[in-house]
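The file data.pdb contains PDB, C-alpha atoms and all ligand atoms:
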```
ATOM      1  CA  MET Q  11     -23.218 174.580 -70.934  1.00  0.00           C
ATOM      2  CA  ASN Q  12     -26.911 175.322 -71.277  1.00  0.00           C
ATOM      3  CA  GLN Q  13     -27.067 172.983 -74.245  1.00  0.00           C
ATOM      4  CA  ILE Q  14     -25.429 170.150 -72.271  1.00  0.00           C
ATOM      5  CA  PHE Q  15     -27.907 170.684 -69.456  1.00  0.00           C
ATOM      6  CA  ARG Q  16     -30.833 170.654 -71.924  1.00  0.00           C
ATOM      7  CA  MET Q  17     -29.590 167.358 -73.481  1.00  0.00           C
ATOM      8  CA  PHE Q  18     -29.176 165.815 -70.032  1.00  0.00           C
ATOM      9  CA  PHE Q  19     -32.689 166.930 -69.076  1.00  0.00           C
ATOM     10  CA  ILE Q  20     -34.220 165.444 -72.264  1.00  0.00           C
ATOM     11  CA  ILE Q  21     -32.417 162.115 -71.724  1.00  0.00           C
ATOM     12  CA  MET Q  22     -33.567 161.971 -68.090  1.00  0.00           C
ATOM     13  CA  VAL Q  23     -37.195 162.658 -69.104  1.00  0.00           C
ATOM     14  CA  ALA Q  24     -36.996 159.913 -71.770  1.00  0.00           C
ATOM     15  CA  VAL Q  25     -35.555 157.420 -69.252  1.00  0.00           C
ATOM     16  CA  LEU Q  26     -38.265 158.361 -66.742  1.00  0.00           C
ATOM     17  CA  LEU Q  27     -41.028 157.900 -69.339  1.00  0.00           C
ATOM     18  CA  VAL Q  28     -39.749 154.416 -70.314  1.00  0.00           C
ATOM     19  CA  PHE Q  29     -39.468 153.509 -66.613  1.00  0.00           C
ATOM     20  CA  CYS Q  30     -43.046 154.707 -65.882  1.00  0.00           C
ATOM     21  CA  SER Q  31     -44.484 152.845 -68.892  1.00  0.00           C
ATOM     22  CA  SER Q  32     -42.727 149.621 -67.833  1.00  0.00           C
ATOM     23  CA  LEU Q  33     -44.245 149.973 -64.339  1.00  0.00           C
ATOM     24  CA  LYS Q  34     -47.705 150.459 -65.870  1.00  0.00           C
ATOM     25  CA  ALA Q  35     -47.271 147.362 -68.071  1.00  0.00           C
ATOM     26  CA  LYS Q  36     -45.754 145.133 -65.373  1.00  0.00           C
ATOM     27  CA  LYS Q  37     -47.914 142.019 -65.908  1.00  0.00           C
ATOM     28  CA  SER Q  38     -48.020 142.455 -69.696  1.00  0.00           C
ATOM     29  CA  LEU Q  39     -44.225 142.543 -69.793  1.00  0.00           C
ATOM     30  CA  GLU Q  40     -44.141 139.251 -67.862  1.00  0.00           C
ATOM     31  CA  ASP Q  41     -46.641 137.846 -70.392  1.00  0.00           C
ATOM     32  CA  LEU Q  42     -44.444 139.086 -73.253  1.00  0.00           C
ATOM     33  CA  ARG Q  43     -41.475 137.247 -71.754  1.00  0.00           C
ATOM     34  CA  THR Q  44     -43.586 134.053 -71.442  1.00  0.00           C
ATOM     35  CA  ALA Q  45     -44.790 134.417 -75.036  1.00  0.00           C
ATOM     36  CA  PHE Q  46     -41.233 135.161 -76.263  1.00  0.00           C
ATOM     37  CA  ASN Q  47     -40.086 131.840 -74.791  1.00  0.00           C
ATOM     38  CA  SER Q  48     -43.118 129.798 -75.903  1.00  0.00           C
ATOM     39  CA  GLU Q  49     -43.114 131.118 -79.489  1.00  0.00           C
ATOM     40  CA  SER Q  50     -39.372 130.454 -79.721  1.00  0.00           C
ATOM     41  CA  THR Q  51     -40.018 126.905 -78.496  1.00  0.00           C
ATOM     42  CA  SER Q  52     -42.805 126.455 -81.049  1.00  0.00           C
ATOM     43  CA  ALA Q  53     -40.504 127.731 -83.827  1.00  0.00           C
ATOM     44  CA  GLU Q  54     -37.870 125.125 -82.899  1.00  0.00           C
ATOM     45  CA  LYS Q  55     -40.461 122.383 -82.497  1.00  0.00           C
ATOM     46  CA  TYR Q  56     -42.173 122.919 -85.860  1.00  0.00           C
ATOM     47  CA  ALA Q  57     -38.818 123.143 -87.654  1.00  0.00           C
ATOM     48  CA  LYS Q  58     -37.997 119.698 -86.200  1.00  0.00           C
ATOM     49  CA  PHE Q  59     -41.495 118.431 -87.141  1.00  0.00           C
ATOM     50  CA  GLY Q  60     -40.842 119.646 -90.708  1.00  0.00           C
ATOM     51  CA  GLN Q  61     -37.572 117.745 -90.872  1.00  0.00           C
ATOM     52  CA  ALA Q  62     -39.238 114.614 -89.445  1.00  0.00           C
ATOM     53  CA  ALA Q  63     -42.073 114.901 -91.991  1.00  0.00           C
ATOM     54  CA  MET Q  64     -39.554 115.045 -94.843  1.00  0.00           C
ATOM     55  CA  ASN Q  65     -37.736 112.017 -93.449  1.00  0.00           C
ATOM     56  CA  GLU Q  66     -41.068 110.153 -93.420  1.00  0.00           C
ATOM     57  CA  GLY Q  67     -41.849 111.164 -97.007  1.00  0.00           C
ATOM     58  CA  TYR Q  68     -44.466 113.821 -96.188  1.00  0.00           C
ATOM     59  CA  ASP Q  69     -42.718 116.464 -98.312  1.00  0.00           C
ATOM     60  CA  THR Q  70     -45.818 118.659 -98.760  1.00  0.00           C
ATOM     61  CA  LEU Q  71     -46.887 118.645 -95.114  1.00  0.00           C
ATOM     62  CA  ALA Q  72     -43.266 119.393 -94.182  1.00  0.00           C
ATOM     63  CA  GLN Q  73     -43.574 122.796 -95.910  1.00  0.00           C
ATOM     64  CA  LEU Q  74     -46.552 123.689 -93.722  1.00  0.00           C
ATOM     65  CA  PHE Q  75     -44.575 122.858 -90.552  1.00  0.00           C
ATOM     66  CA  ILE Q  76     -41.615 124.912 -91.824  1.00  0.00           C
ATOM     67  CA  ALA Q  77     -43.817 127.909 -92.725  1.00  0.00           C
ATOM     68  CA  VAL Q  78     -45.539 127.769 -89.301  1.00  0.00           C
ATOM     69  CA  SER Q  79     -42.108 127.580 -87.663  1.00  0.00           C
ATOM     70  CA  LYS Q  80     -41.158 130.822 -89.445  1.00  0.00           C
ATOM     71  CA  SER Q  81     -44.444 132.412 -88.393  1.00  0.00           C
ATOM     72  CA  GLU Q  82     -43.756 131.552 -84.709  1.00  0.00           C
ATOM     73  CA  ARG Q  83     -40.194 132.864 -85.054  1.00  0.00           C
ATOM     74  CA  ILE Q  84     -41.506 136.228 -86.287  1.00  0.00           C
ATOM     75  CA  HIS Q  85     -43.893 136.418 -83.313  1.00  0.00           C
ATOM     76  CA  ALA Q  86     -41.012 135.735 -80.926  1.00  0.00           C
ATOM     77  CA  MET Q  87     -38.893 138.435 -82.622  1.00  0.00           C
ATOM     78  CA  ASN Q  88     -41.762 140.927 -82.424  1.00  0.00           C
ATOM     79  CA  PHE Q  89     -42.242 140.189 -78.700  1.00  0.00           C
ATOM     80  CA  GLY Q  90     -38.504 140.665 -78.153  1.00  0.00           C
ATOM     81  CA  LYS Q  91     -38.608 144.044 -79.908  1.00  0.00           C
ATOM     82  CA  VAL Q  92     -41.492 145.253 -77.726  1.00  0.00           C
ATOM     83  CA  ILE Q  93     -39.708 144.056 -74.551  1.00  0.00           C
ATOM     84  CA  GLU Q  94     -36.682 146.132 -75.583  1.00  0.00           C
ATOM     85  CA  LYS Q  95     -38.849 149.166 -76.361  1.00  0.00           C
ATOM     86  CA  PHE Q  96     -39.796 149.117 -72.692  1.00  0.00           C
ATOM     87  CA  GLY Q  97     -36.107 149.394 -71.794  1.00  0.00           C
ATOM     88  CA  LEU Q  98     -35.636 145.714 -70.869  1.00  0.00           C
ATOM     89  CA  ASP Q  99     -33.232 143.177 -72.326  1.00  0.00           C
ATOM     90  CA  CYS Q 100     -35.059 140.321 -74.066  1.00  0.00           C
ATOM     91  CA  GLY Q 101     -31.924 138.133 -73.967  1.00  0.00           C
ATOM     92  CA  THR Q 102     -31.863 134.599 -75.325  1.00  0.00           C
ATOM     93  CA  PRO Q 103     -35.159 132.668 -75.277  1.00  0.00           C
ATOM     94  CA  GLU Q 104     -35.554 129.677 -72.987  1.00  0.00           C
ATOM     95  CA  ILE Q 105     -36.488 126.717 -75.198  1.00  0.00           C
ATOM     96  CA  GLY Q 106     -38.921 124.354 -73.474  1.00  0.00           C
ATOM     97  CA  ASN Q 107     -39.033 120.572 -73.803  1.00  0.00           C
ATOM     98  CA  PHE Q 108     -40.880 118.902 -76.657  1.00  0.00           C
ATOM     99  CA  GLU Q 109     -40.919 115.493 -78.295  1.00  0.00           C
ATOM    100  CA  VAL Q 110     -40.652 114.625 -81.981  1.00  0.00           C
ATOM    101  CA  LYS Q 111     -42.737 111.538 -82.735  1.00  0.00           C
ATOM    102  CA  SER Q 112     -44.357 110.255 -85.937  1.00  0.00           C
ATOM    103  CA  THR Q 113     -45.660 112.931 -88.315  1.00  0.00           C
ATOM    104  CA  ILE Q 114     -49.286 112.019 -87.556  1.00  0.00           C
ATOM    105  CA  GLU Q 115     -48.622 112.402 -83.816  1.00  0.00           C
ATOM    106  CA  ASN Q 116     -46.658 115.622 -84.407  1.00  0.00           C
ATOM    107  CA  LEU Q 117     -49.590 117.057 -86.339  1.00  0.00           C
ATOM    108  CA  ARG Q 118     -51.978 116.207 -83.480  1.00  0.00           C
ATOM    109  CA  ALA Q 119     -49.531 117.753 -80.973  1.00  0.00           C
ATOM    110  CA  GLY Q 120     -49.491 120.907 -83.116  1.00  0.00           C
ATOM    111  CA  ILE Q 121     -53.308 121.024 -83.084  1.00  0.00           C
ATOM    112  CA  ARG Q 122     -53.315 120.766 -79.257  1.00  0.00           C
ATOM    113  CA  THR Q 123     -50.710 123.527 -78.897  1.00  0.00           C
ATOM    114  CA  GLU Q 124     -52.453 125.933 -81.268  1.00  0.00           C
ATOM    115  CA  THR Q 125     -55.854 125.294 -79.669  1.00  0.00           C
ATOM    116  CA  PHE Q 126     -54.496 126.046 -76.183  1.00  0.00           C
ATOM    117  CA  GLU Q 127     -52.677 129.217 -77.295  1.00  0.00           C
ATOM    118  CA  MET Q 128     -55.606 130.511 -79.325  1.00  0.00           C
ATOM    119  CA  GLN Q 129     -58.385 129.693 -76.823  1.00  0.00           C
ATOM    120  CA  THR Q 130     -56.640 130.234 -73.489  1.00  0.00           C
ATOM    121  CA  VAL Q 131     -53.225 131.904 -73.516  1.00  0.00           C
ATOM    122  CA  TYR Q 132     -53.590 134.872 -75.853  1.00  0.00           C
ATOM    123  CA  PRO Q 133     -57.137 135.928 -74.860  1.00  0.00           C
ATOM    124  CA  SER Q 134     -55.873 136.230 -71.264  1.00  0.00           C
ATOM    125  CA  PHE Q 135     -52.720 138.142 -72.341  1.00  0.00           C
ATOM    126  CA  ILE Q 136     -54.798 140.506 -74.523  1.00  0.00           C
ATOM    127  CA  ARG Q 137     -57.259 141.237 -71.675  1.00  0.00           C
ATOM    128  CA  THR Q 138     -54.345 142.076 -69.346  1.00  0.00           C
ATOM    129  CA  ALA Q 139     -52.657 144.324 -71.929  1.00  0.00           C
ATOM    130  CA  GLU Q 140     -55.946 146.173 -72.494  1.00  0.00           C
ATOM    131  CA  ARG Q 141     -56.469 146.541 -68.734  1.00  0.00           C
ATOM    132  CA  GLU Q 142     -52.917 147.940 -68.422  1.00  0.00           C
ATOM    133  CA  LYS Q 143     -53.649 150.248 -71.387  1.00  0.00           C
ATOM    134  CA  THR Q 144     -50.608 149.129 -73.372  1.00  0.00           C
ATOM    135  CA  ALA Q 145     -51.946 149.303 -76.918  1.00  0.00           C
ATOM    136  CA  GLU Q 146     -48.740 148.131 -78.604  1.00  0.00           C
ATOM    137  CA  ILE Q 147     -48.556 144.979 -76.465  1.00  0.00           C
ATOM    138  CA  ALA Q 148     -52.274 144.276 -76.991  1.00  0.00           C
ATOM    139  CA  ARG Q 149     -51.764 144.632 -80.757  1.00  0.00           C
ATOM    140  CA  THR Q 150     -48.774 142.278 -80.953  1.00  0.00           C
ATOM    141  CA  PHE Q 151     -50.663 139.665 -78.878  1.00  0.00           C
ATOM    142  CA  THR Q 152     -53.736 140.097 -81.113  1.00  0.00           C
ATOM    143  CA  TRP Q 153     -51.670 139.516 -84.276  1.00  0.00           C
ATOM    144  CA  ALA Q 154     -50.130 136.388 -82.749  1.00  0.00           C
ATOM    145  CA  SER Q 155     -53.504 135.097 -81.519  1.00  0.00           C
ATOM    146  CA  ASN Q 156     -55.104 135.547 -84.941  1.00  0.00           C
ATOM    147  CA  CYS Q 157     -52.152 133.744 -86.533  1.00  0.00           C
ATOM    148  CA  GLU Q 158     -52.555 130.823 -84.092  1.00  0.00           C
ATOM    149  CA  LYS Q 159     -56.149 130.502 -85.321  1.00  0.00           C
ATOM    150  CA  LYS Q 160     -54.830 130.131 -88.860  1.00  0.00           C
ATOM    151  CA  HIS Q 161     -52.148 127.641 -87.819  1.00  0.00           C
ATOM    152  CA  LEU Q 162     -54.903 125.616 -86.160  1.00  0.00           C
ATOM    153  CA  LYS Q 163     -57.124 125.774 -89.236  1.00  0.00           C
ATOM    154  CA  PHE Q 164     -54.300 124.653 -91.561  1.00  0.00           C
ATOM    155  CA  PHE Q 165     -53.182 121.852 -89.218  1.00  0.00           C
ATOM    156  CA  ARG Q 166     -56.771 120.587 -88.851  1.00  0.00           C
ATOM    157  CA  ASN Q 167     -57.303 120.598 -92.624  1.00  0.00           C
ATOM    158  CA  ALA Q 168     -53.997 118.770 -93.123  1.00  0.00           C
ATOM    159  CA  ALA Q 169     -54.990 116.163 -90.489  1.00  0.00           C
ATOM    160  CA  ILE Q 170     -58.298 115.488 -92.280  1.00  0.00           C
ATOM    161  CA  ILE Q 171     -56.440 114.977 -95.571  1.00  0.00           C
ATOM    162  CA  ILE Q 172     -53.685 112.816 -94.046  1.00  0.00           C
ATOM    163  CA  ASP Q 173     -56.334 110.637 -92.350  1.00  0.00           C
ATOM    164  CA  ARG Q 174     -57.564 109.740 -95.850  1.00  0.00           C
ATOM    165  CA  GLY Q 175     -54.169 108.210 -96.484  1.00  0.00           C
ATOM    166  CA  SER Q 176     -52.265 110.691 -98.653  1.00  0.00           C
ATOM    167  CA  GLU Q 177     -51.024 114.286 -98.789  1.00  0.00           C
ATOM    168  CA  LYS Q 178     -53.026 115.056-101.940  1.00  0.00           C
ATOM    169  CA  GLY Q 179     -55.013 118.240-101.310  1.00  0.00           C
ATOM    170  CA  ILE Q 180     -52.619 119.884 -98.843  1.00  0.00           C
ATOM    171  CA  PRO Q 181     -51.404 123.151-100.432  1.00  0.00           C
ATOM    172  CA  ASN Q 182     -47.758 122.887-101.417  1.00  0.00           C
ATOM    173  CA  VAL Q 183     -46.872 126.592-101.363  1.00  0.00           C
ATOM    174  CA  TRP Q 184     -47.085 128.663 -98.163  1.00  0.00           C
ATOM    175  CA  LEU Q 185     -46.295 132.325 -97.619  1.00  0.00           C
ATOM    176  CA  VAL Q 186     -45.497 134.094 -94.358  1.00  0.00           C
ATOM    177  CA  CYS Q 187     -45.813 137.850 -93.783  1.00  0.00           C
ATOM    178  CA  SER Q 188     -42.363 139.086 -92.808  1.00  0.00           C
ATOM    179  CA  ILE Q 189     -43.787 141.722 -90.443  1.00  0.00           C
ATOM    180  CA  CYS Q 190     -46.559 140.086 -88.385  1.00  0.00           C
ATOM    181  CA  GLY Q 191     -45.974 136.393 -89.141  1.00  0.00           C
ATOM    182  CA  ASN Q 192     -49.414 135.845 -90.690  1.00  0.00           C
ATOM    183  CA  ILE Q 193     -49.509 132.752 -92.892  1.00  0.00           C
ATOM    184  CA  TYR Q 194     -51.267 132.146 -96.224  1.00  0.00           C
ATOM    185  CA  SER Q 195     -51.570 129.280 -98.627  1.00  0.00           C
ATOM    186  CA  SER Q 196     -50.990 130.155-102.282  1.00  0.00           C
ATOM    187  CA  ILE Q 197     -54.683 129.356-102.862  1.00  0.00           C
ATOM    188  CA  ASP Q 198     -55.996 132.354-100.871  1.00  0.00           C
ATOM    189  CA  LEU Q 199     -53.198 134.875-101.237  1.00  0.00           C
ATOM    190  CA  PRO Q 200     -54.237 138.512-100.629  1.00  0.00           C
ATOM    191  CA  VAL Q 201     -52.535 141.536-102.218  1.00  0.00           C
ATOM    192  CA  LYS Q 202     -51.716 142.837 -98.729  1.00  0.00           C
ATOM    193  CA  CYS Q 203     -51.481 141.144 -95.332  1.00  0.00           C
ATOM    194  CA  GLU Q 204     -54.930 141.177 -93.732  1.00  0.00           C
ATOM    195  CA  TYR Q 205     -53.451 142.120 -90.318  1.00  0.00           C
ATOM    196  CA  CYS Q 206     -50.499 144.493 -90.845  1.00  0.00           C
ATOM    197  CA  LEU Q 207     -51.124 145.511 -94.504  1.00  0.00           C
ATOM    198  CA  THR Q 208     -47.637 144.472 -95.646  1.00  0.00           C
ATOM    199  CA  LYS Q 209     -47.530 143.988 -99.436  1.00  0.00           C
ATOM    200  CA  GLN Q 210     -47.562 140.439-100.823  1.00  0.00           C
ATOM    201  CA  GLU Q 211     -44.100 140.939-102.402  1.00  0.00           C
ATOM    202  CA  ASN Q 212     -42.663 141.059 -98.868  1.00  0.00           C
ATOM    203  CA  PHE Q 213     -44.066 137.658 -97.920  1.00  0.00           C
ATOM    204  CA  ILE Q 214     -41.614 134.773 -97.546  1.00  0.00           C
ATOM    205  CA  GLY Q 215     -42.403 131.654 -99.584  1.00  0.00           C
ATOM    206  CA  TYR Q 216     -42.064 127.977 -98.688  1.00  0.00           C
ATOM    207  CA  SER Q 217     -42.622 125.193-101.192  1.00  0.00           C
ATOM    208  CA  ARG Q 218     -41.509 121.681-102.009  1.00  0.00           C
ATOM    209  CA  LYS Q 219     -37.955 121.703-103.306  1.00  0.00           C
ATOM    210  CA  SER Q 220     -38.859 119.311-106.106  1.00  0.00           C
ATOM    211  CA  GLU Q 221     -41.293 121.825-107.663  1.00  0.00           C
TER     212      GLU Q 221
HETATM  213 FE    FE I 301     -48.873 128.837 -83.790  1.00  0.00          FE
HETATM  214 FE    FE I 302     -48.694 140.869 -91.736  1.00  0.00          FE
END
```
Let's see the structure in the file written out as structure tokens.
Amino acid sequence: MNQIFRMFFIIMVAVLLVFCSSLKAKKSLEDLRTAFNSESTSAEKYAKFGQAAMNEGYDTLAQLFIAVSKSERIHAMNFGKVIEKFGLDCGTPEIGNFEVKSTIENLRAGIRTETFEMQTVYPSFIRTAEREKTAEIARTFTWASNCEKKHLKFFRNAAIIIDRGSEKGIPNVWLVCSICGNIYSSIDLPVKCEYCLTKQENFIGYSRKSE
């Protein structure tokens, strides 16, 4: 009987701790939900951009869109996991509206999205998470924010190359860290992920099918 009571007591304390931490992180949990939806939308959008690029004959650029789509998907999954750690149900993401236009326009749309997320959205989310003293949420937002910077850099470089009239010079192999979603081109591949220290062998590769 005593043992049953002790188990009940431990479970109640655990439930109370999760409840208290979710109260403390109230705004950050709302931000996580927003980010869960927006990263899921970005993942869908870039997958469609990748398909459109292939249809237009931009087979190399398509791999960048597909790798970035995977990166956004991993961010969304990580946000969902943290939401559930706080005892909430992350449910199914709400996918927002987006348009698929020409590949050049899609690339420019990607640059606008990444700039906004990197300069405005995540810095605000990180400040709130730090104010609410929720280190795990601050860390997952920081990983995502740093990845958005890299998405932006790769999209900008690709836009400069495409503006010259060909895809020549865009890397054709991309790797995505399976844990934090960080993205690398095969040209500057580290032994371990620079953010979460996952080994290179656990990265997921994307390259042109013809190669
Ligand atoms: Fe991104
Ligand atoms: Fe990583």
Give me the residues near stretch 127-131 of chain Q as a list in words, where near means some atom within 12 Å (using only C-alpha atoms) and where sequence neighbours in that chain fewer than 5 positions away do not count.
Asp41, Leu42, Thr44, Ala45, Ser48, Glu49, Ser52, Glu82, Gly120, Ile121, Arg122, Ile136, Arg137, Thr138, Phe151, Thr152, Trp153, Ala154, Ser155, Asn156, Cys157, Glu158, Lys159, Lys160, His161, Leu162 and Lys163 of chain Q
Output check: residues returned by the PyMOL selection byres (((chain Q and resi 199-216) around 9) and not hetatm), as a tab-separated table (two decimals) with C-alpha atoms, keeping the file's coordinate frame:
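Written output follows (result.tsv):
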```
chain	number	residue	atom	x	y	z
Q	73	GLN	CA	-43.57	122.80	-95.91
Q	74	LEU	CA	-46.55	123.69	-93.72
Q	76	ILE	CA	-41.62	124.91	-91.82
Q	77	ALA	CA	-43.82	127.91	-92.72
Q	153	TRP	CA	-51.67	139.52	-84.28
Q	156	ASN	CA	-55.10	135.55	-84.94
Q	182	ASN	CA	-47.76	122.89	-101.42
Q	183	VAL	CA	-46.87	126.59	-101.36
Q	184	TRP	CA	-47.08	128.66	-98.16
Q	185	LEU	CA	-46.30	132.32	-97.62
Q	186	VAL	CA	-45.50	134.09	-94.36
Q	187	CYS	CA	-45.81	137.85	-93.78
Q	188	SER	CA	-42.36	139.09	-92.81
Q	189	ILE	CA	-43.79	141.72	-90.44
Q	190	CYS	CA	-46.56	140.09	-88.38
Q	192	ASN	CA	-49.41	135.84	-90.69
Q	193	ILE	CA	-49.51	132.75	-92.89
Q	194	TYR	CA	-51.27	132.15	-96.22
Q	195	SER	CA	-51.57	129.28	-98.63
Q	196	SER	CA	-50.99	130.16	-102.28
Q	197	ILE	CA	-54.68	129.36	-102.86
Q	198	ASP	CA	-56.00	132.35	-100.87
Q	217	SER	CA	-42.62	125.19	-101.19
Q	218	ARG	CA	-41.51	121.68	-102.01
Q	219	LYS	CA	-37.96	121.70	-103.31
```
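Once Q:Met64 and its same-chain neighbours fewer than 2 positions away are set aside, Ala57, Lys58, Phe59, Gly60, Gln61, Ala62, Glu66, Gly67, Tyr68, Asp69, Thr70, Leu71, Ala72, Gln73, Leu74, Phe75, Ile76, Ser112, Thr113, Arg218 and Lys219 of chain Q remain within 12 Å of it when counting only C-alpha atoms.
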Report, in Å to a single decimal, how far apart atom CA of Q:Gly106 and atom CA of Q:Ile84 are.
17.7 Å
Atom CA of Q:Pro181 and atom CA of Q:Pro133, how far apart in Å?
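Atom-to-atom, atom CA of Q:Pro133 and atom CA of Q:Pro181 are spaced 29.2 Å apart.
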